[in-house]
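Enquirer: Can you read through this structure? Questions will come right after.
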Amino acid sequence: MGDTVYHNTVPSLNAWLLHIADGLMHRIYGTRKRSIYRKLPGTVVEIGPGAGANFRYYKRGTRVIAFEPNVSMHPRLRKKARRRGLDLVIKSARGEQIDLPDRSVSAVVATLVLCTVDDPGTVVSEIYRILKPSGRYLFLEHVAAMPRTRLRSLQEKLQLVWRRMADGCRLNRESHLVIATAGFAEVNMDCFTLRSRWLPFAPHIFGVAVK
Ligand SMILES: C[S@@+](CC[C@H](N)C(=O)[O-])C[C@H]1O[C@@H](n2cnc3c(N)ncnc32)[C@H](O)[C@@H]1O
């Protein structure tokens with residue numbers, strides 16, 4: 001259930017790009033990721049892990065159930081998991097149709113994913129569904145700039161071209177609202193902007209939502 005034909009035009013190029021961006025993402029996001037990834041349980045579900053940018057933050061021996069529809073990413077994920085001593089299970093299903101039972105996991109990680117998925121509301125409600133009570137959803141996303149700002153207007157203008165060039169990524173996704181209204185008992189969300197604040201993907205959110 002939930003398997004899909006991944007319809008990106010150049011999935012292997014995207015896999016390679018994410019792989020070579022790994023060090024840069026660690027420099028940009030590493031400190032923030034460490035601050036929320038502390039005390040992760042022994043099993044973690046990750047949605048859209050790409051080339052495994054989050055694997056370096058998991059404790060050795062962690063069981064990672066990864067939902068990654070771009071199968072070109074899978075060999076790199078396996079290699080990275082072996083190197084980091086992770087017990088990896090890869091599924092090609094999309095985050096919109098997670099084939100895990102209700103209330104079955106304690107932690108879900110998804111970073112830079114809600115911008116790319118077809119239906120972010122459904123993905124977040126699937127995450128909510130599979131989490132046990134008090135389970136945690138750890139997120140980090142680039143998001144739409146505030147309405148009526150110059151950056152938002154730039155995001156809207158670039159939107160179509162960007163989406164084609166960047167693996168379906170939408171610059172104007174209001175993922176902060178999607179997470180805030182998904183029904184979690186508690187949402188601890190921080191906002192930050194990349195140092196180059198005119199980059200169209202500069203505004204970010206990160207944090208933890210607790211069921
Ligand atoms: C921008 S990359 C981020 C990768 C990684 N999470 C990171 O932080 O570097 C987005 C990832 O989401 C995956 N993806 C796209 N659509 C998806 C969907 N519907 N469900 C789950 N993952 C999806 C892509 O294949 C890609 O690996």
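How things are named: the first chain in the structure tokens is A, the next is B, and so on; residues count from 1 in each chain; ligands count from 1 in the order shown.
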With only C-alpha atoms and all ligand atoms counted, collect every polymer residue having an atom within 8 Å of ligand 1; state the result as a count of residues only.

Expert: 40

Enquirer: When DSSP works through the backbone of this structure, what residues of chain A end up as alpha helix (DSSP H), shown as a PyMOL selection string?

Expert: chain A and resi 11-20+22-37+74-84+120-130+150-165+175-180

Enquirer: So that I can see what lies close to Arg78 in chain A, please list as a list in words the residues with an atom at most 9 Å from it, counting only C-alpha atoms and leaving out residues fewer than 2 positions away in the same chain.

Expert: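 Contacts, with the query itself left out: Gly52, Met73, His74, Pro75, Arg76, Lys80, Ala81, Arg82, Arg83, Leu88, Val89 and Ile90 of chain A.
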
Enquirer: Rank nothing, just name the residue among A:Gly85, A:His142, A:Val208, A:Thr181 nearest to Ala107 in chain A, using only C-alpha atoms.

Expert: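 Under the stated criterion, the closest residue is A:Val208.
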
Enquirer: Find the residue from A:Leu138, A:Leu154, A:Val161, A:Ile130 that sits nearest to Arg32 in chain A; use only C-alpha atoms when measuring.

Expert: A:Leu138

Enquirer: I'd like to know which of A:Tyr57, A:Pro203, A:Asp87, A:Leu131 is closest to Tyr37 in chain A, using only C-alpha atoms.

Expert: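 The answer is A:Tyr57, which sits nearest to Tyr37 in chain A.
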
Enquirer: Within 6 Å of His204 in chain A, counting only C-alpha atoms, which residues show up once you throw out same-chain ones fewer than 2 positions away? Write them as a count of residues only, please.

Expert: 6

Enquirer: Using backbone DSSP assignments, extract all strand (DSSP E) residues from range 19-122 of chain A; output them as a PyMOL selection string.

Expert: chain A and resi 43-47+63-67+87-91+105-111

Enquirer: May I ask which of the residues A:Arg136, A:Ala180, A:Ser72, A:Ile98 is the closest one to Leu17 in chain A, counting only C-alpha atoms?

Expert: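 Among the listed residues, the smallest separation from Leu17 in chain A belongs to A:Ser72.
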
Enquirer: For Pro133 in chain A, which residue among A:Leu24, A:Val45, A:Val105, A:Ala66 is the nearest when counting only C-alpha atoms?

Expert: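 Answer, going by the shortest atom-to-atom distance: A:Val105.
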